[in-house]
$ cat query.cif   # mmCIF, C-alpha atoms and all ligand atoms
data_target
loop_
_atom_site.label_atom_id
_atom_site.label_comp_id
_atom_site.auth_asym_id
_atom_site.auth_seq_id
_atom_site.Cartn_x
_atom_site.Cartn_y
_atom_site.Cartn_z
CA MET A 1080 21.81 11.69 -4.24
CA ALA A 1081 19.39 12.74 -1.57
CA GLU A 1082 18.55 16.43 -1.33
CA ASP A 1083 18.11 15.89 2.38
CA ASP A 1084 18.35 12.43 3.83
CA LEU A 1085 16.62 13.63 7.04
CA GLY A 1086 18.97 11.36 8.97
CA ALA A 1087 16.97 8.37 7.72
CA TYR A 1088 19.06 5.69 6.01
CA ASN A 1089 16.40 3.03 5.78
CA ILE A 1090 12.65 2.61 6.24
CA GLU A 1091 13.11 1.49 9.85
CA ASP A 1092 14.71 4.87 10.63
CA LEU A 1093 11.58 6.61 9.30
CA ARG A 1094 9.44 4.23 11.34
CA ARG A 1095 11.30 5.17 14.54
CA MET A 1096 10.92 8.88 13.73
CA ALA A 1097 7.18 8.39 13.19
CA LYS A 1098 6.91 6.59 16.50
CA ARG A 1099 8.56 9.49 18.29
CA LYS A 1100 6.23 12.06 16.70
CA LEU A 1101 2.81 10.42 16.76
CA PRO A 1102 0.37 9.80 19.60
CA ARG A 1103 0.54 6.14 20.53
CA GLY A 1104 -2.90 5.18 19.24
CA ILE A 1105 -2.28 6.72 15.83
CA PHE A 1106 1.17 5.19 15.48
CA GLU A 1107 -0.18 1.76 16.41
CA PHE A 1108 -3.06 2.13 13.96
CA VAL A 1109 -0.52 2.60 11.18
CA ASP A 1110 2.16 0.24 12.37
CA ARG A 1111 0.52 -2.82 13.83
CA GLY A 1112 -1.38 -5.81 12.50
CA ALA A 1113 -4.38 -7.93 13.35
CA GLU A 1114 -4.61 -10.24 16.38
CA ASP A 1115 -1.23 -11.85 17.20
CA GLU A 1116 0.51 -10.12 14.27
CA VAL A 1117 1.71 -13.41 12.80
CA ALA A 1118 0.94 -12.30 9.25
CA LEU A 1119 2.67 -8.97 9.89
CA ARG A 1120 5.86 -10.72 11.02
CA ASN A 1121 5.67 -13.39 8.35
CA ASN A 1122 5.38 -10.75 5.61
CA ARG A 1123 8.91 -9.71 6.55
CA ALA A 1124 10.33 -13.10 7.52
CA ALA A 1125 9.36 -14.68 4.19
CA PHE A 1126 11.76 -12.38 2.33
CA GLU A 1127 14.70 -13.58 4.38
CA GLY A 1128 14.49 -17.11 3.00
CA ILE A 1129 14.75 -15.91 -0.61
CA LYS A 1130 18.32 -15.47 -1.81
CA LEU A 1131 19.55 -13.60 -4.86
CA LYS A 1132 22.23 -14.73 -7.31
CA THR A 1133 24.95 -12.37 -8.53
CA HIS A 1134 26.48 -12.16 -11.99
CA VAL A 1135 29.78 -10.27 -11.93
CA LEU A 1136 31.82 -8.36 -14.52
CA ALA A 1137 28.69 -7.26 -16.35
CA ASN A 1138 29.56 -3.56 -16.90
CA VAL A 1139 26.63 -2.19 -14.92
CA SER A 1140 27.68 1.44 -15.35
CA THR A 1141 24.50 2.13 -17.32
CA ARG A 1142 21.36 0.97 -15.57
CA GLY A 1143 17.79 2.11 -15.12
CA LEU A 1144 14.67 1.30 -13.14
CA GLU A 1145 12.08 2.62 -15.55
CA THR A 1146 9.20 0.34 -16.42
CA GLN A 1147 5.76 0.39 -18.03
CA ILE A 1148 2.51 -0.05 -16.18
CA PHE A 1149 -0.88 0.17 -17.92
CA GLY A 1150 0.87 1.63 -20.94
CA LYS A 1151 2.61 4.41 -19.01
CA THR A 1152 6.30 4.76 -18.25
CA ILE A 1153 7.10 5.14 -14.56
CA LYS A 1154 10.47 5.80 -12.95
CA MET A 1155 10.67 2.58 -10.95
CA PRO A 1156 8.53 -0.55 -10.50
CA PHE A 1157 6.96 0.80 -7.32
CA ALA A 1158 3.75 2.59 -6.32
CA ILE A 1159 2.07 3.82 -3.13
CA SER A 1160 -0.72 1.62 -1.76
CA PRO A 1161 -3.98 3.23 -0.64
CA THR A 1162 -4.05 4.24 3.02
CA GLY A 1163 -6.75 6.45 4.43
CA THR A 1164 -4.81 8.09 7.24
CA ALA A 1165 -1.97 10.20 5.89
CA GLY A 1166 -3.99 13.31 6.77
CA LEU A 1167 -3.81 12.35 10.44
CA LEU A 1168 -0.04 11.95 10.40
CA SER A 1169 0.90 15.38 9.17
CA TYR A 1170 -1.20 18.32 8.04
CA GLY A 1171 -2.16 17.88 4.37
CA GLY A 1172 -0.48 14.46 4.48
CA GLU A 1173 -2.45 13.02 1.59
CA VAL A 1174 -1.48 15.85 -0.74
CA GLY A 1175 2.13 15.49 0.45
CA LEU A 1176 2.11 11.76 -0.30
CA ALA A 1177 0.78 12.35 -3.79
CA LYS A 1178 3.30 15.13 -4.44
CA ALA A 1179 6.16 12.90 -3.29
CA ALA A 1180 5.00 10.19 -5.70
CA ALA A 1181 4.71 12.69 -8.55
CA LYS A 1182 8.23 13.91 -7.85
CA ALA A 1183 9.51 10.31 -7.82
CA GLY A 1184 7.66 9.59 -11.07
CA ILE A 1185 5.52 6.75 -9.72
CA PRO A 1186 1.78 6.18 -9.12
CA CYS A 1187 0.09 7.05 -5.84
CA THR A 1188 -3.27 5.58 -4.86
CA LEU A 1189 -5.90 7.72 -3.13
CA ALA A 1190 -8.08 5.82 -0.72
CA THR A 1191 -11.86 6.07 -0.50
CA ASN A 1192 -11.22 6.72 3.20
CA ALA A 1193 -8.92 9.69 2.57
CA MET A 1194 -9.43 12.80 4.68
CA THR A 1195 -8.80 15.16 1.76
CA PRO A 1196 -11.22 15.51 -1.16
CA MET A 1197 -10.02 13.69 -4.27
CA GLU A 1198 -10.48 16.82 -6.42
CA GLU A 1199 -8.08 18.75 -4.19
CA ILE A 1200 -5.39 16.06 -4.33
CA VAL A 1201 -5.63 15.82 -8.12
CA GLU A 1202 -5.40 19.59 -8.50
CA GLU A 1203 -2.56 20.16 -6.05
CA ALA A 1204 -0.38 17.12 -6.62
CA GLY A 1205 -0.82 16.03 -10.24
CA GLY A 1206 1.20 13.01 -11.30
CA GLU A 1207 -0.11 9.51 -11.90
CA LEU A 1208 -2.95 9.08 -9.40
CA TRP A 1209 -5.00 5.93 -8.98
CA PHE A 1210 -8.18 5.63 -6.92
CA GLN A 1211 -9.05 2.89 -4.44
CA LEU A 1212 -12.67 1.97 -3.88
CA TYR A 1213 -14.39 0.21 -1.00
CA MET A 1214 -17.79 -0.98 -2.15
CA TRP A 1215 -20.20 0.04 0.61
CA SER A 1216 -23.18 -2.01 1.70
CA ASP A 1217 -25.29 0.33 -0.46
CA LYS A 1218 -24.07 -1.00 -3.81
CA ALA A 1219 -26.03 1.52 -5.90
CA LEU A 1220 -24.34 4.32 -3.96
CA SER A 1221 -20.94 2.76 -4.68
CA LEU A 1222 -21.61 2.59 -8.41
CA LYS A 1223 -22.79 6.20 -8.40
CA PHE A 1224 -19.61 7.15 -6.55
CA VAL A 1225 -17.56 5.56 -9.33
CA GLU A 1226 -19.08 8.09 -11.74
CA ARG A 1227 -17.59 10.88 -9.65
CA VAL A 1228 -14.18 9.17 -9.62
CA LYS A 1229 -14.41 8.90 -13.40
CA SER A 1230 -15.40 12.53 -13.83
CA VAL A 1231 -12.43 13.70 -11.75
CA GLY A 1232 -10.19 12.07 -14.36
CA PHE A 1233 -8.81 8.94 -12.72
CA GLU A 1234 -7.84 6.24 -15.20
CA THR A 1235 -7.10 3.40 -12.80
CA LEU A 1236 -9.53 2.09 -10.20
CA ILE A 1237 -8.48 -0.34 -7.51
CA VAL A 1238 -11.30 -2.18 -5.77
CA THR A 1239 -10.37 -3.65 -2.41
CA VAL A 1240 -12.11 -6.94 -1.69
CA ASP A 1241 -10.30 -8.45 1.30
CA GLY A 1242 -12.34 -6.87 4.09
CA PRO A 1243 -15.93 -8.12 4.07
CA VAL A 1244 -16.00 -7.56 7.84
CA PRO A 1245 -13.94 -5.26 10.06
CA PRO A 1246 -10.62 -6.70 11.24
CA ASN A 1247 -9.76 -7.64 14.80
CA ARG A 1248 -7.22 -5.10 16.02
CA GLU A 1249 -7.22 -5.48 19.75
CA TYR A 1250 -4.55 -2.86 20.36
CA ASN A 1251 -6.84 -0.18 18.88
CA ARG A 1252 -9.52 -1.10 21.37
CA ARG A 1253 -6.97 -0.90 24.17
CA ASN A 1254 -5.44 2.41 23.09
CA GLY A 1255 -8.83 3.99 22.36
CA PHE A 1256 -8.13 4.89 18.73
CA GLU A 1257 -11.28 3.59 17.10
CA VAL A 1258 -13.73 4.90 14.52
CA PRO A 1259 -15.91 6.72 15.42
CA LEU A 1260 -13.38 8.59 17.54
CA LYS A 1261 -14.55 9.04 21.10
CA TYR A 1262 -12.61 11.43 23.23
CA SER A 1263 -11.68 9.59 26.39
CA PRO A 1264 -9.20 10.67 29.08
CA ARG A 1265 -6.90 7.92 27.76
CA LEU A 1266 -6.99 9.25 24.21
CA LEU A 1267 -6.61 12.86 25.35
CA ALA A 1268 -3.55 11.93 27.41
CA GLN A 1269 -1.98 10.36 24.32
CA LEU A 1270 -2.68 13.45 22.22
CA LEU A 1271 -1.31 15.82 24.84
CA ALA A 1272 1.85 13.71 25.12
CA LYS A 1273 2.77 14.78 21.58
CA PRO A 1274 2.42 18.59 21.60
CA GLY A 1275 4.36 18.98 18.35
CA TRP A 1276 1.94 16.77 16.43
CA LEU A 1277 -1.01 18.34 18.26
CA ALA A 1278 -0.04 21.85 17.15
CA THR A 1279 1.22 21.19 13.62
CA CYS A 1280 -1.29 18.56 12.60
CA LEU A 1281 -4.47 18.23 14.65
CA LEU A 1282 -5.03 21.84 15.72
CA ARG A 1283 -4.12 23.10 12.26
CA GLN A 1284 -6.54 20.59 10.79
CA PHE A 1285 -9.32 21.81 13.11
CA ILE A 1286 -8.60 25.47 12.40
CA GLN A 1287 -8.23 25.21 8.62
CA ARG A 1288 -10.49 22.29 7.72
CA GLY A 1289 -12.61 21.42 10.73
CA VAL A 1290 -13.23 17.98 12.17
CA PRO A 1291 -11.30 15.29 10.27
CA LYS A 1292 -13.68 13.17 8.26
CA PHE A 1293 -13.88 10.90 5.27
CA GLU A 1294 -14.05 13.80 2.83
CA ASN A 1295 -14.77 11.70 -0.23
CA TYR A 1296 -17.87 10.04 1.12
CA PRO A 1297 -21.15 10.92 -0.54
CA PRO A 1298 -23.39 13.14 1.62
CA GLU A 1299 -25.40 10.06 2.60
CA LEU A 1300 -22.35 8.66 4.41
CA MET A 1301 -20.49 11.83 5.21
CA ASP A 1302 -20.86 11.71 8.97
CA SER A 1303 -17.98 13.06 10.92
CA LEU A 1304 -15.66 10.47 12.40
CA MET A 1305 -16.75 11.64 15.80
CA SER A 1306 -20.45 11.59 15.17
CA LYS A 1307 -22.61 9.33 17.28
CA ASN A 1308 -24.52 8.53 14.10
CA PHE A 1309 -21.48 7.14 12.35
CA LYS A 1310 -22.63 3.82 10.87
CA ARG A 1311 -19.70 1.47 10.94
CA SER A 1312 -21.68 -1.31 9.29
CA SER A 1313 -22.20 0.93 6.26
CA LEU A 1314 -18.46 0.88 5.60
CA LYS A 1315 -18.05 -2.86 5.25
CA ASN A 1316 -19.83 -5.13 2.85
CA ASP A 1317 -20.17 -8.85 3.48
CA THR A 1318 -22.59 -9.39 0.59
CA LEU A 1319 -20.22 -8.72 -2.33
CA THR A 1320 -19.88 -11.35 -5.08
CA TRP A 1321 -18.09 -11.70 -8.40
CA ASP A 1322 -21.25 -10.29 -10.03
CA ASP A 1323 -20.54 -7.01 -8.25
CA LEU A 1324 -17.09 -6.98 -9.80
CA LYS A 1325 -18.70 -7.54 -13.21
CA ALA A 1326 -21.11 -4.65 -12.54
CA LEU A 1327 -18.15 -2.46 -11.66
CA ARG A 1328 -16.39 -3.57 -14.84
CA ASP A 1329 -19.44 -2.47 -16.85
CA ARG A 1330 -19.35 0.97 -15.21
CA TRP A 1331 -15.60 1.62 -15.24
CA PRO A 1332 -13.97 2.18 -18.62
CA GLY A 1333 -10.40 2.53 -17.33
CA ASN A 1334 -8.00 0.06 -15.79
CA LEU A 1335 -9.69 -2.05 -13.13
CA VAL A 1336 -7.51 -3.71 -10.50
CA VAL A 1337 -8.69 -6.08 -7.77
CA LYS A 1338 -6.82 -5.72 -4.48
CA GLY A 1339 -6.59 -8.45 -1.88
CA ILE A 1340 -6.23 -11.56 -4.05
CA LEU A 1341 -4.43 -14.45 -2.36
CA ASN A 1342 -5.07 -17.50 -4.50
CA GLY A 1343 -4.78 -18.50 -8.13
CA ASP A 1344 -8.46 -19.42 -8.55
CA ASP A 1345 -9.59 -15.97 -7.39
CA ALA A 1346 -7.02 -14.34 -9.67
CA GLU A 1347 -8.47 -16.25 -12.63
CA LYS A 1348 -12.00 -15.27 -11.64
CA ALA A 1349 -10.91 -11.63 -11.53
CA ALA A 1350 -9.45 -11.98 -15.02
CA ASP A 1351 -12.65 -13.67 -16.22
CA CYS A 1352 -14.64 -10.70 -14.89
CA GLY A 1353 -12.54 -8.44 -17.10
CA ALA A 1354 -10.17 -6.99 -14.51
CA ASP A 1355 -6.91 -5.63 -15.89
CA GLY A 1356 -4.85 -6.48 -12.84
CA VAL A 1357 -4.74 -7.97 -9.38
CA ILE A 1358 -2.93 -6.86 -6.26
CA VAL A 1359 -1.64 -9.82 -4.29
CA SER A 1360 -2.13 -8.34 -0.82
CA ASN A 1361 -2.88 -9.39 2.73
CA HIS A 1362 -3.54 -5.76 3.61
CA GLY A 1363 -0.15 -5.56 5.31
CA GLY A 1364 -1.16 -8.19 7.89
CA ARG A 1365 -4.07 -6.04 9.01
CA TYR A 1366 -6.96 -8.45 8.36
CA LEU A 1367 -6.48 -12.26 8.37
CA ASP A 1368 -3.71 -13.05 10.80
CA SER A 1369 -3.31 -16.59 9.39
CA SER A 1370 -2.70 -15.31 5.89
CA MET A 1371 0.38 -16.47 4.00
CA ALA A 1372 2.96 -13.84 3.11
CA THR A 1373 2.22 -12.38 -0.29
CA ILE A 1374 5.72 -13.20 -1.57
CA GLN A 1375 4.93 -16.87 -0.84
CA ILE A 1376 1.77 -16.99 -2.97
CA LEU A 1377 2.95 -14.56 -5.67
CA PRO A 1378 4.64 -17.21 -7.91
CA GLU A 1379 1.44 -19.27 -8.08
CA ILE A 1380 -0.69 -16.26 -8.98
CA ALA A 1381 1.81 -14.94 -11.51
CA ALA A 1382 1.94 -18.38 -13.16
CA ARG A 1383 -1.85 -18.55 -13.37
CA VAL A 1384 -2.67 -15.04 -14.64
CA GLY A 1385 0.60 -13.28 -15.46
CA GLU A 1386 0.01 -13.67 -19.19
CA ARG A 1387 -3.52 -12.27 -18.99
CA MET A 1388 -3.23 -9.37 -16.60
CA THR A 1389 -0.94 -7.11 -14.59
CA VAL A 1390 0.24 -8.70 -11.35
CA ILE A 1391 0.98 -6.29 -8.51
CA VAL A 1392 1.99 -7.22 -4.97
CA ASP A 1393 2.16 -5.43 -1.63
CA SER A 1394 2.46 -6.21 2.11
CA GLY A 1395 5.73 -6.06 3.99
CA PHE A 1396 8.07 -4.51 1.41
CA ARG A 1397 10.74 -2.51 3.23
CA ARG A 1398 13.92 -2.97 1.17
CA GLY A 1399 14.86 -2.55 -2.46
CA SER A 1400 15.96 -6.19 -2.46
CA ASP A 1401 12.39 -7.20 -1.51
CA VAL A 1402 11.14 -5.45 -4.65
CA ILE A 1403 13.73 -7.20 -6.85
CA LYS A 1404 12.68 -10.56 -5.36
CA ALA A 1405 9.02 -9.92 -6.17
CA LEU A 1406 9.81 -8.92 -9.75
CA ALA A 1407 11.93 -12.07 -10.10
CA LEU A 1408 8.95 -14.09 -8.86
CA GLY A 1409 6.60 -12.67 -11.48
CA ALA A 1410 5.29 -9.31 -10.23
CA ASP A 1411 5.03 -6.39 -12.64
CA LEU A 1412 4.90 -3.80 -9.87
CA VAL A 1413 5.35 -3.59 -6.10
CA MET A 1414 3.35 -1.33 -3.81
CA ALA A 1415 3.78 -0.40 -0.16
CA GLY A 1416 1.65 1.43 2.38
CA ARG A 1417 3.44 1.97 5.67
CA PRO A 1418 6.88 3.11 4.44
CA THR A 1419 5.61 6.38 2.98
CA LEU A 1420 3.22 6.82 5.93
CA TYR A 1421 6.19 6.64 8.30
CA GLY A 1422 7.89 9.21 6.09
CA THR A 1423 4.81 11.44 6.11
CA ALA A 1424 4.66 11.33 9.91
CA ALA A 1425 8.39 12.00 10.17
CA ALA A 1426 8.57 14.98 7.81
CA GLY A 1427 5.47 15.43 5.63
CA GLU A 1428 6.06 15.38 1.87
CA ALA A 1429 9.86 15.38 2.28
CA GLY A 1430 9.62 12.31 4.51
CA ALA A 1431 7.38 10.46 2.06
CA TYR A 1432 9.79 11.33 -0.73
CA ARG A 1433 12.71 10.13 1.38
CA ALA A 1434 10.99 6.73 1.74
CA LEU A 1435 10.67 6.47 -2.04
CA GLU A 1436 14.25 7.55 -2.52
CA ILE A 1437 15.45 4.88 -0.10
CA PHE A 1438 13.63 2.23 -2.13
CA ARG A 1439 15.06 3.61 -5.38
CA GLU A 1440 18.64 3.75 -4.09
CA GLU A 1441 18.42 0.24 -2.66
CA MET A 1442 16.88 -1.24 -5.83
CA ASP A 1443 19.53 0.40 -7.97
CA ARG A 1444 22.34 -0.92 -5.77
CA VAL A 1445 20.96 -4.47 -5.73
CA MET A 1446 20.55 -4.45 -9.51
CA ALA A 1447 24.19 -3.44 -9.92
CA LEU A 1448 25.32 -6.14 -7.48
CA LEU A 1449 23.32 -8.73 -9.41
CA GLY A 1450 24.83 -7.61 -12.72
CA LEU A 1451 21.54 -6.25 -14.10
CA HIS A 1452 20.97 -3.23 -16.31
CA ASN A 1453 17.21 -2.83 -16.49
CA VAL A 1454 13.95 -4.09 -15.03
CA ASP A 1455 13.30 -6.44 -17.97
CA GLU A 1456 16.39 -8.42 -16.99
CA ILE A 1457 14.97 -9.21 -13.54
CA GLY A 1458 13.73 -12.78 -13.76
CA HIS A 1459 13.90 -16.19 -12.23
CA ASP A 1460 17.59 -16.35 -13.02
CA CYS A 1461 18.21 -13.81 -10.23
CA LEU A 1462 17.02 -16.27 -7.60
CA TRP A 1463 19.19 -18.84 -5.88
CA GLN A 1464 17.76 -22.11 -4.64
CA PRO A 1465 19.69 -23.98 -1.97
CA PRO A 1466 20.37 -27.57 -3.04
CA SER A 1467 17.70 -29.83 -1.62
CA VAL A 1468 18.89 -32.03 1.25
CA ALA A 1469 16.93 -34.87 -0.34
CA GLU A 1470 19.06 -34.71 -3.51
CA PRO A 1471 22.01 -37.10 -3.57
CA ASN A 1472 25.38 -35.35 -3.52
CA ARG A 1473 26.72 -36.46 -6.91
CA ALA A 1474 30.31 -35.47 -6.27
CA ALA A 1475 30.42 -37.61 -3.14
CA ALA A 1476 28.76 -40.53 -4.94
CA GLU A 1477 31.27 -40.53 -7.83
C1 LIG A 1501 -2.84 2.95 8.07
C2 LIG A 1501 -3.25 2.11 6.90
C3 LIG A 1501 -4.45 2.39 6.26
C4 LIG A 1501 -4.85 1.60 5.17
N1 LIG A 1501 -6.01 1.92 4.53
C5 LIG A 1501 -6.35 1.21 3.44
C6 LIG A 1501 -7.50 1.57 2.68
O1 LIG A 1501 -8.20 2.53 3.01
N2 LIG A 1501 -7.81 0.82 1.60
C7 LIG A 1501 -7.04 -0.26 1.20
O2 LIG A 1501 -7.34 -0.92 0.20
N3 LIG A 1501 -5.95 -0.61 1.91
C8 LIG A 1501 -5.58 0.09 2.99
N4 LIG A 1501 -4.45 -0.24 3.67
C9 LIG A 1501 -3.63 -1.37 3.20
C10 LIG A 1501 -2.59 -0.90 2.19
O3 LIG A 1501 -3.20 -0.48 0.99
C11 LIG A 1501 -1.58 -1.98 1.84
O4 LIG A 1501 -2.24 -3.13 1.37
C12 LIG A 1501 -0.70 -2.35 3.02
O5 LIG A 1501 -0.33 -1.20 3.76
C13 LIG A 1501 0.55 -3.03 2.48
O6 LIG A 1501 1.40 -3.41 3.49
P1 LIG A 1501 2.65 -2.54 3.98
O7 LIG A 1501 2.09 -1.46 4.81
O8 LIG A 1501 3.44 -3.52 4.76
O9 LIG A 1501 3.35 -2.03 2.77
C14 LIG A 1501 -4.04 0.51 4.75
C15 LIG A 1501 -2.83 0.26 5.40
C16 LIG A 1501 -2.43 1.05 6.45
C17 LIG A 1501 -1.10 0.76 7.09
#
$ encode --input "query.cif" --output "structure tokens"
Amino acid sequence: MAEDDLGAYNIEDLRRMAKRKLPRGIFEFVDRGAEDEVALRNNRAAFEGIKLKTHVLANVSTRGLETQIFGKTIKMPFAISPTGTAGLLSYGGEVGLAKAAAKAGIPCTLATNAMTPMEEIVEEAGGELWFQLYMWSDKALSLKFVERVKSVGFETLIVTVDGPVPPNREYNRRNGFEVPLKYSPRLLAQLLAKPGWLATCLLRQFIQRGVPKFENYPPELMDSLMSKNFKRSSLKNDTLTWDDLKALRDRWPGNLVVKGILNGDDAEKAADCGADGVIVSNHGGRYLDSSMATIQILPEIAARVGERMTVIVDSGFRRGSDVIKALALGADLVMAGRPTLYGTAAAGEAGAYRALEIFREEMDRVMALLGLHNVDEIGHDCLWQPPSVAEPNRAAAE
């Protein structure tokens, strides 16, 4: 049972709490999607059409969610996706996220764009930490950076490949929350409207750590987020090819996972380049607004590469039942970004942990209702297909 449920009974409760606490621009940066937010909505809507099948009288008094990922046992088939902003949601948010994951016994991914140095997170949080890499336009610099990630002790590297150019997030232009941050009267008004966040997060950050910045960037890129010299183009790379993935494979001895794969051909190419896993992800609806929901493309990708590599999925997971559906459709692991960010904004580490606990409780309940005892039993048999209207109704015909 929850140590403290914080008055949050589902992820939407944490989302509402985050909305109350955060300045508008920051909340929207976390919460919203690209352009018309079709992909964002579809990520959720696609789950509703998938129905689960129960098996009753199965003595489900003994059940567990433990599973193996990259040879390690984790407490549930769930991990935290990389997000670079937890440090802006509550003071020390990135360390809190990682501690919550360690407490829940699941992996947490640190983002290249984190605002806390990777060494500090590893030292303070412990647990199973993965690292997410954006390959910058200076490829040599990126490969050198990987050496540092290796030396810090990470064993799993996730390379994100779905953002060759910056996304179109019009609301961020309207609300003034853009990188580099420029203080405008509009932005200042938003910050002042949330004095609690201002005092406990931003002012504390300024006093104890100085201007928030991408702390993991090499000195060559380490401009402050507010600097006029901040080179946005240096953060995105529209020249990457599969050869760059091969070069990364040559440099990285640990598990290599490619994030942002949305078709079977690309998944096979990733496997051919020697990747150990793919993350089926549309970046939570934050990049291509016409993207399919990941749960819709997951079965195709799992069928193509599931035997060769680990298949992970994220984007839009908010309920334990969503996780069970993805596992039934061929995923080995589910990840999520916003749920634990909402939790972090709501109550720091305790809020992030509450988000994970909600997922765990919901998964456990759904497994019991389906008559399942362990993760290995989750398969296609858990899914219910409505009879096709095109099929003749045999009973009526006889
Ligand atoms: C605020 C925010 C920041 C993110 N930053 C990164 C990042 O730095 N690198 C990355 O690969 N993905 C990033 N993502 C995408 C997540 O890793 C993940 O794919 C997405 O959040 C999944 O969708 P969900 O939020 O619906 O769970 C970010 C997502 C959010 C919400």
$ closest_atom_pairs --input "query.cif" --of "range 1153-1243 of chain A" --to "range 1443-1453 of chain A" --cutoff "12 Å" --atoms "only C-alpha atoms" --output "CSV"
residue,atom,partner,partner_atom,distance
A:Lys1154,CA,A:Asn1453,CA,11.5
A:Met1155,CA,A:Asp1443,CA,9.6
A:Pro1156,CA,A:Asn1453,CA,10.8
$ write_last_selection --input "query.cif" --atoms "C-alpha atoms" --output "mmCIF file, in the coordinates of the input"
data_model
loop_
_atom_site.group_PDB
_atom_site.id
_atom_site.type_symbol
_atom_site.label_atom_id
_atom_site.label_comp_id
_atom_site.auth_asym_id
_atom_site.auth_seq_id
_atom_site.Cartn_x
_atom_site.Cartn_y
_atom_site.Cartn_z
ATOM 1 C CA LYS A 1154 10.470 5.800 -12.950
ATOM 2 C CA MET A 1155 10.670 2.580 -10.950
ATOM 3 C CA PRO A 1156 8.530 -0.550 -10.500
#
$ atom_distance --input "query.cif" --atom1 "CA of Leu1136 in chain A" --atom2 "CA of Glu1456 in chain A"
15.6 Å
$ residues_around --input "query.cif" --residues "Glu1198 in chain A" --least-positions-apart "3" --cutoff "10 Å" --atoms "all atoms listed in the file" --output "list in words"
Thr1195, Val1201, Glu1202, Glu1203, Arg1227, Val1228, Ser1230, Val1231, Gly1232 and Asn1295 of chain A
$ write_last_selection --input "query.cif" --atoms "C-alpha atoms" --output "PDB file, keeping the file's coordinate frame"
ATOM      1  CA  THR A1195      -8.800  15.160   1.760  1.00  0.00           C
ATOM      2  CA  VAL A1201      -5.630  15.820  -8.120  1.00  0.00           C
ATOM      3  CA  GLU A1202      -5.400  19.590  -8.500  1.00  0.00           C
ATOM      4  CA  GLU A1203      -2.560  20.160  -6.050  1.00  0.00           C
ATOM      5  CA  ARG A1227     -17.590  10.880  -9.650  1.00  0.00           C
ATOM      6  CA  VAL A1228     -14.180   9.170  -9.620  1.00  0.00           C
ATOM      7  CA  SER A1230     -15.400  12.530 -13.830  1.00  0.00           C
ATOM      8  CA  VAL A1231     -12.430  13.700 -11.750  1.00  0.00           C
ATOM      9  CA  GLY A1232     -10.190  12.070 -14.360  1.00  0.00           C
ATOM     10  CA  ASN A1295     -14.770  11.700  -0.230  1.00  0.00           C
TER      11      ASN A1295
END
$ atom_distance --input "query.cif" --atom1 "CA of Val1337 in chain A" --atom2 "CA of Val1402 in chain A"
20.1 Å
$ closest_residue --input "query.cif" --among "A:Asp1217, A:Arg1142, A:Gly1166, A:Glu1257" --to "Ile1200 in chain A" --atoms "all atoms listed in the file"
A:Gly1166
$ atom_distance --input "query.cif" --atom1 "CA of Asp1460 in chain A" --atom2 "CA of Ile1340 in chain A"
25.9 Å
$ closest_residue --input "query.cif" --among "A:Tyr1262, A:Tyr1170, A:Trp1209, A:Phe1438" --to "Phe1285 in chain A" --atoms "all atoms listed in the file"
A:Tyr1170
$ residues_around --input "query.cif" --residues "Lys1100 in chain A" --least-positions-apart "6" --cutoff "12 Å" --atoms "only C-alpha atoms" --output "number ranges by chain"
A: 1093-1094, 1106, 1167-1169, 1269-1280, 1421-1427
$ residues_near_point --input "query.cif" --point "(23.7, -18.6, -11.6)" --cutoff "10 Å" --atoms "only C-alpha atoms" --output "ChimeraX atom specification"
/A:1131-1134,1460-1464
$ closest_residue --input "query.cif" --among "A:Gly1409, A:Gly1128, A:Gly1205, A:Pro1298" --to "Pro1465 in chain A" --atoms "all atoms listed in the file"
A:Gly1128
$ residues_near_point --input "query.cif" --point "(-5.7, -9.2, -21.5)" --cutoff "12 Å" --atoms "only C-alpha atoms" --output "list of chain:residue names"
A:Phe1149, A:Asn1334, A:Leu1335, A:Glu1347, A:Ala1349, A:Ala1350, A:Asp1351, A:Cys1352, A:Gly1353, A:Ala1354, A:Asp1355, A:Gly1356, A:Val1384, A:Gly1385, A:Glu1386, A:Arg1387, A:Met1388, A:Thr1389, A:Val1390
$ decode --input "query.cif" --residues "range 1206-1220 of chain A" --atoms "C-alpha atoms" --output "compact mmCIF listing (two decimals), in the first residue's frame"
# COMPACT_ATOMS: atom_id res chain seq x y z
CA GLY A 1206 19.78 2.14 -8.97
CA GLU A 1207 19.61 1.06 -12.59
CA LEU A 1208 20.39 4.20 -14.59
CA TRP A 1209 20.44 4.39 -18.38
CA PHE A 1210 21.76 7.31 -20.41
CA GLN A 1211 20.07 8.97 -23.38
CA LEU A 1212 22.19 10.57 -26.07
CA TYR A 1213 21.38 13.20 -28.67
CA MET A 1214 24.05 13.15 -31.35
CA TRP A 1215 24.98 16.79 -31.91
CA SER A 1216 25.88 18.25 -35.28
CA ASP A 1217 29.53 17.89 -34.21
CA LYS A 1218 29.66 14.10 -34.48
CA ALA A 1219 33.23 13.79 -33.18
CA LEU A 1220 32.18 15.69 -30.06
